[in-house]
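Participant: The following block contains the structure, expressed as structure tokens.
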Amino acid sequence: FFFFKQKTAYEISLGLVGSEMCIRDRCQYVCEIFDILSSIFGKLLTAQYIYATIIVLVVSYYLYYKFCKCVPLTLYYTPTADTDFIVKSTPELNKVYSPTIYLLNGNLQTICYAIRRHFINGRFGIEYKRELLHLKDGGQLAMDWPIFEEVDKDFTDRTPVIGIMAGLTGGRRDIYVATFMRNAAAMGYRTVLINQRGCSGTPLLTEKVYCGESIEDAHEAFLTVKKHYPANPLYAVGMSLGANIITNYAGHHGSNCILRGFVGVCNPFDFFTIDQHLEHYMFGIYHRTLGKHMVRLLLEHKEACRPLEKKMGYTIEEGVSKVKTSRDFDTHFTSYMFDYHTAYNYYRKASSALKIDDIRIPTLFINSTDDPIVVNHVIPYKECLANKNIILATHPCGGHLGFFSGLLPNQWLAEPALGFITSLEKLYENKHRKIATSQLITSLYK
């Protein structure tokens, strides 16, 4: 048995006194600590400390901008006589590119491009002469020739002609097209925008639009330009999907390519990897946006695409209702338009990374390592380094088709692209001069 001694009220009260004193002491300590912290934060919240904090943040941001973002392009290439000459004679490839100070993120650069595309929608004061090109399969595409008096005045058979291919559903309303055309005209170069089937208000005459492997359309367009100007050097500049098409085209034709050189900007080298990335990145917002762009283009020409319904087994409207992302569009439409087994089959065959080894003309690729669509691990660094005809230029800030600079954002992309073409012209002139000199010496000794 256990016996418990019953405590008296006096004893109980004595036990409580000690604990009550401890509790009161603890509360006092907490209050003192709270008062100290309050006084510290009160001092920090005074005007001078707020200003000091703001100054520190601003200086830190500026140093980050100046030393991490305001840097030259990083160049990847195999050193040869030609590539060394191009790099040394192209200052635009070596000078610092300073992005817009409040657009230091790939998403911000890309969003800025999208805003300027949709809200500053127009021809940017450029007048065009449209030429409709009828293709061998019964389709057609439009070629827009900008009218610049300074180009017409000084145009000769040595003036470069540059064919421009825009990105997905792009055209002459895109800021990079207008910027490139204006800069090229200032240098005396003639340009032409090669619109894809159904784009820029061109009526669609077949049941298909275009895809990343539409090299036959590109070939007919380049041949047409060459017929107009047979003696002039022909170059090409491709943006995003347009860059992928031209890369496939150059690789397909190899040494027989009629282009003297080309520039690819934000080339989506690997469709499959990009698709896997976009599925989860930013909650799939880019995936859905690209799908909406293609659906909008399809609905503009849905009557022309009606013959495709028999092959698909459902109507255009039923197919559109199933499209949420770009992969859905390629599954329900692109694969049927161009006879691919599946969307993944299309991605693997149309990815231009497969054609890099076959390129035999001078090529410049410009990509941003913070591109939210063409992510850094998609860029084929090793393949580009293995091909002595290719110079790959990357920058840590630029987004997808952004590359804005200045407080009022202006696109910088045209500068390195046109600088590359100018250096190529100098290279060919030097080679031609050496050949002529060699032939003259040979004739004298005969």
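Following the order of the structure tokens, first chain is A, next is B, and so on, with residues numbered from 1 inside each chain and ligands from 1 in the order they appear.
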As a ChimeraX atom specification, which residues of region 185-318 of chain A does DSSP assign to helix (DSSP H, G or I)?
Facilitator: /A:185-186,215-228,241-256,271-300,308-312,316-318
Participant: If you run DSSP on the backbone here, which positions in region 194-305 of chain A get strand (DSSP E)? Please write them as a PyMOL selection string.
Facilitator: chain A and resi 194+234-239+261-265
Participant: Could you turn the residues from that selection into a file that holds N, CA and C atoms, as a CSV table (one decimal), in the first residue's frame?
Facilitator:
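Okay, part_33.csv is ready:
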chain,number,residue,atom,x,y,z
A,194,ILE,N,10.1,36.4,-96.5
A,194,ILE,CA,9.5,35.3,-97.1
A,194,ILE,C,8.5,34.7,-96.1
A,234,LEU,N,23.4,36.0,-102.2
A,234,LEU,CA,22.1,35.8,-101.5
A,234,LEU,C,22.4,35.2,-100.1
A,235,TYR,N,21.9,35.9,-99.1
A,235,TYR,CA,22.0,35.5,-97.7
A,235,TYR,C,20.6,35.2,-97.1
A,236,ALA,N,20.5,34.6,-96.0
A,236,ALA,CA,19.3,34.3,-95.3
A,236,ALA,C,19.4,34.6,-93.8
A,237,VAL,N,18.4,35.0,-93.2
A,237,VAL,CA,18.3,35.2,-91.8
A,237,VAL,C,17.0,34.6,-91.3
A,238,GLY,N,17.1,33.7,-90.4
A,238,GLY,CA,15.9,33.0,-89.9
A,238,GLY,C,15.7,33.2,-88.4
A,239,MET,N,14.5,33.4,-88.0
A,239,MET,CA,14.2,33.7,-86.5
A,239,MET,C,13.3,32.5,-86.0
A,261,GLY,N,25.6,32.4,-97.2
A,261,GLY,CA,25.7,32.3,-95.8
A,261,GLY,C,24.4,32.6,-95.1
A,262,PHE,N,24.2,32.2,-93.9
A,262,PHE,CA,23.0,32.6,-93.2
A,262,PHE,C,23.2,32.7,-91.7
A,263,VAL,N,22.2,33.4,-91.1
A,263,VAL,CA,22.2,33.6,-89.6
A,263,VAL,C,20.9,33.0,-89.0
A,264,GLY,N,21.1,32.2,-88.0
A,264,GLY,CA,19.9,31.7,-87.3
A,264,GLY,C,19.8,32.2,-85.9
A,265,VAL,N,18.7,32.8,-85.6
A,265,VAL,CA,18.5,33.5,-84.2
A,265,VAL,C,17.5,32.7,-83.4
Participant: Given the choices A:Met143, A:Met337, A:Ile359, A:Leu63, which gets closest to Ala386 (chain A) if the distance is worked out from only C-alpha atoms?
Facilitator: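 Using only C-alpha atoms, Ala386 (chain A) sits closest to A:Ile359.
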Participant: Could you tell me which of A:His400, A:His219, A:Lys227, A:Lys431 comes closest to Asn107 (chain A) if we count only C-alpha atoms?
Facilitator: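 Selected residue with least distance to Asn107 (chain A): A:His400.
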Participant: Compile a residue-level contact table for region 96-211 of chain A against region 277-300 of chain A at a cut-off of 8 Å, reporting for every qualifying residue the shortest atom pair and its distance in Å to one decimal, with only C-alpha atoms counted, rows ordered by chain and ascending number, as CSV.
Facilitator:
residue,atom,partner,partner_atom,distance
A:Leu168,CA,A:His293,CA,7.8
A:Thr169,CA,A:His293,CA,6.8
A:Gly198,CA,A:Leu297,CA,7.3
A:Cys199,CA,A:Leu297,CA,7.5
A:Val209,CA,A:Leu298,CA,7.9
Participant: List the neighbours of Tyr340 (chain A) out to 12 Å using only C-alpha atoms; skip same-chain residues closer than 3 positions along the sequence, and give me the result as a ChimeraX atom specification.
Facilitator: /A:211,213,330-337,343-350
Participant: Choose the residue, out of A:Glu216, A:Asp144, A:Glu383, A:Asp357, that has the smallest atom-to-atom separation from Tyr77 (chain A); count only C-alpha atoms.
Facilitator: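 Counting only C-alpha atoms, the residue closest to Tyr77 (chain A) is A:Glu383.
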Participant: Record the distance separating CA of Phe365 (chain A) and CA of Ile391 (chain A), expressed in Å with one decimal.
Facilitator: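 Atom-to-atom, CA of Phe365 (chain A) and CA of Ile391 (chain A) are spaced 6.4 Å apart.
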Participant: Find the distance between CA of Leu413 (chain A) and CA of Val177 (chain A) and write it in Å to one decimal.
Facilitator: 10.3 Å
Participant: Fewer than 3 positions away in the same chain doesn't count, so skip those; otherwise give me all residues within 7 Å of region 308-316 of chain A, counting only C-alpha atoms, as an MDAnalysis selection string.
Facilitator: chainID A and resid 207 302 305 319:320 336
Participant: Please produce an output containing N, CA and C atoms for each residue in the selection, written as a CSV table (one decimal), in the first residue's frame.
Facilitator:
chain,number,residue,atom,x,y,z
A,207,GLU,N,-4.4,22.2,-98.3
A,207,GLU,CA,-4.9,21.8,-97.0
A,207,GLU,C,-3.8,21.8,-95.9
A,302,LYS,N,-9.7,27.6,-92.3
A,302,LYS,CA,-10.3,26.3,-92.0
A,302,LYS,C,-11.0,25.7,-93.3
A,305,CYS,N,-8.6,23.9,-95.4
A,305,CYS,CA,-8.1,22.7,-94.8
A,305,CYS,C,-9.2,21.6,-94.7
A,319,GLY,N,-11.2,18.8,-84.0
A,319,GLY,CA,-9.8,18.7,-83.8
A,319,GLY,C,-9.3,19.9,-82.9
A,320,VAL,N,-9.8,21.1,-83.2
A,320,VAL,CA,-9.5,22.3,-82.5
A,320,VAL,C,-9.9,22.2,-81.0
A,336,TYR,N,-0.9,14.9,-89.7
A,336,TYR,CA,-1.7,14.5,-90.8
A,336,TYR,C,-1.4,15.4,-92.1
Participant: Counting only C-alpha atoms, what is within 8 Å of region 220-225 of chain A, bar same-chain residues fewer than 3 positions away, as a list of chain:residue names?
Facilitator: A:Leu133, A:Leu135, A:Gly163, A:Ile194, A:Glu216, A:Asp217, A:His228, A:Tyr229, A:Ile258
Participant: Once you have the residues from the selection above, write them out as a PDB file, in the first residue's frame, restricted to N, CA, C and O atoms.
Facilitator:
ATOM      1  N   LEU A 133       4.068  33.995-104.677  1.00  0.00           N
ATOM      2  CA  LEU A 133       4.826  32.921-105.306  1.00  0.00           C
ATOM      3  C   LEU A 133       3.975  31.665-105.340  1.00  0.00           C
ATOM      4  O   LEU A 133       3.578  31.133-104.299  1.00  0.00           O
ATOM      5  N   LEU A 135       3.557  27.825-105.791  1.00  0.00           N
ATOM      6  CA  LEU A 135       4.437  26.696-105.559  1.00  0.00           C
ATOM      7  C   LEU A 135       4.054  25.501-106.432  1.00  0.00           C
ATOM      8  O   LEU A 135       2.952  25.441-106.986  1.00  0.00           O
ATOM      9  N   GLY A 163      17.186  37.193 -97.566  1.00  0.00           N
ATOM     10  CA  GLY A 163      15.852  36.636 -97.361  1.00  0.00           C
ATOM     11  C   GLY A 163      15.612  36.394 -95.879  1.00  0.00           C
ATOM     12  O   GLY A 163      16.428  35.760 -95.207  1.00  0.00           O
ATOM     13  N   ILE A 194      10.138  36.446 -96.497  1.00  0.00           N
ATOM     14  CA  ILE A 194       9.515  35.256 -97.080  1.00  0.00           C
ATOM     15  C   ILE A 194       8.495  34.731 -96.072  1.00  0.00           C
ATOM     16  O   ILE A 194       8.842  34.101 -95.075  1.00  0.00           O
ATOM     17  N   GLU A 216      11.182  22.620 -98.987  1.00  0.00           N
ATOM     18  CA  GLU A 216      10.860  22.787-100.406  1.00  0.00           C
ATOM     19  C   GLU A 216      10.300  24.173-100.676  1.00  0.00           C
ATOM     20  O   GLU A 216      10.627  24.807-101.688  1.00  0.00           O
ATOM     21  N   ASP A 217       9.448  24.654 -99.768  1.00  0.00           N
ATOM     22  CA  ASP A 217       8.925  26.022 -99.909  1.00  0.00           C
ATOM     23  C   ASP A 217      10.066  27.035 -99.837  1.00  0.00           C
ATOM     24  O   ASP A 217      10.106  28.005-100.607  1.00  0.00           O
ATOM     25  N   HIS A 228      15.433  36.915-109.691  1.00  0.00           N
ATOM     26  CA  HIS A 228      15.323  38.374-109.752  1.00  0.00           C
ATOM     27  C   HIS A 228      16.703  39.030-109.757  1.00  0.00           C
ATOM     28  O   HIS A 228      16.916  40.031-110.447  1.00  0.00           O
ATOM     29  N   TYR A 229      17.610  38.483-108.968  1.00  0.00           N
ATOM     30  CA  TYR A 229      18.945  39.078-108.823  1.00  0.00           C
ATOM     31  C   TYR A 229      20.006  37.989-108.971  1.00  0.00           C
ATOM     32  O   TYR A 229      20.617  37.559-107.983  1.00  0.00           O
ATOM     33  N   ILE A 258      22.391  27.402-102.468  1.00  0.00           N
ATOM     34  CA  ILE A 258      22.531  28.640-103.235  1.00  0.00           C
ATOM     35  C   ILE A 258      22.769  29.855-102.335  1.00  0.00           C
ATOM     36  O   ILE A 258      23.041  30.947-102.820  1.00  0.00           O
TER      37      ILE A 258
END
Participant: Grab the CA of Pro160 (chain A) to CA of Asn410 (chain A) distance for me, in Å with one decimal place.
Facilitator: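 Here the two named atoms are 24.6 Å from each other.
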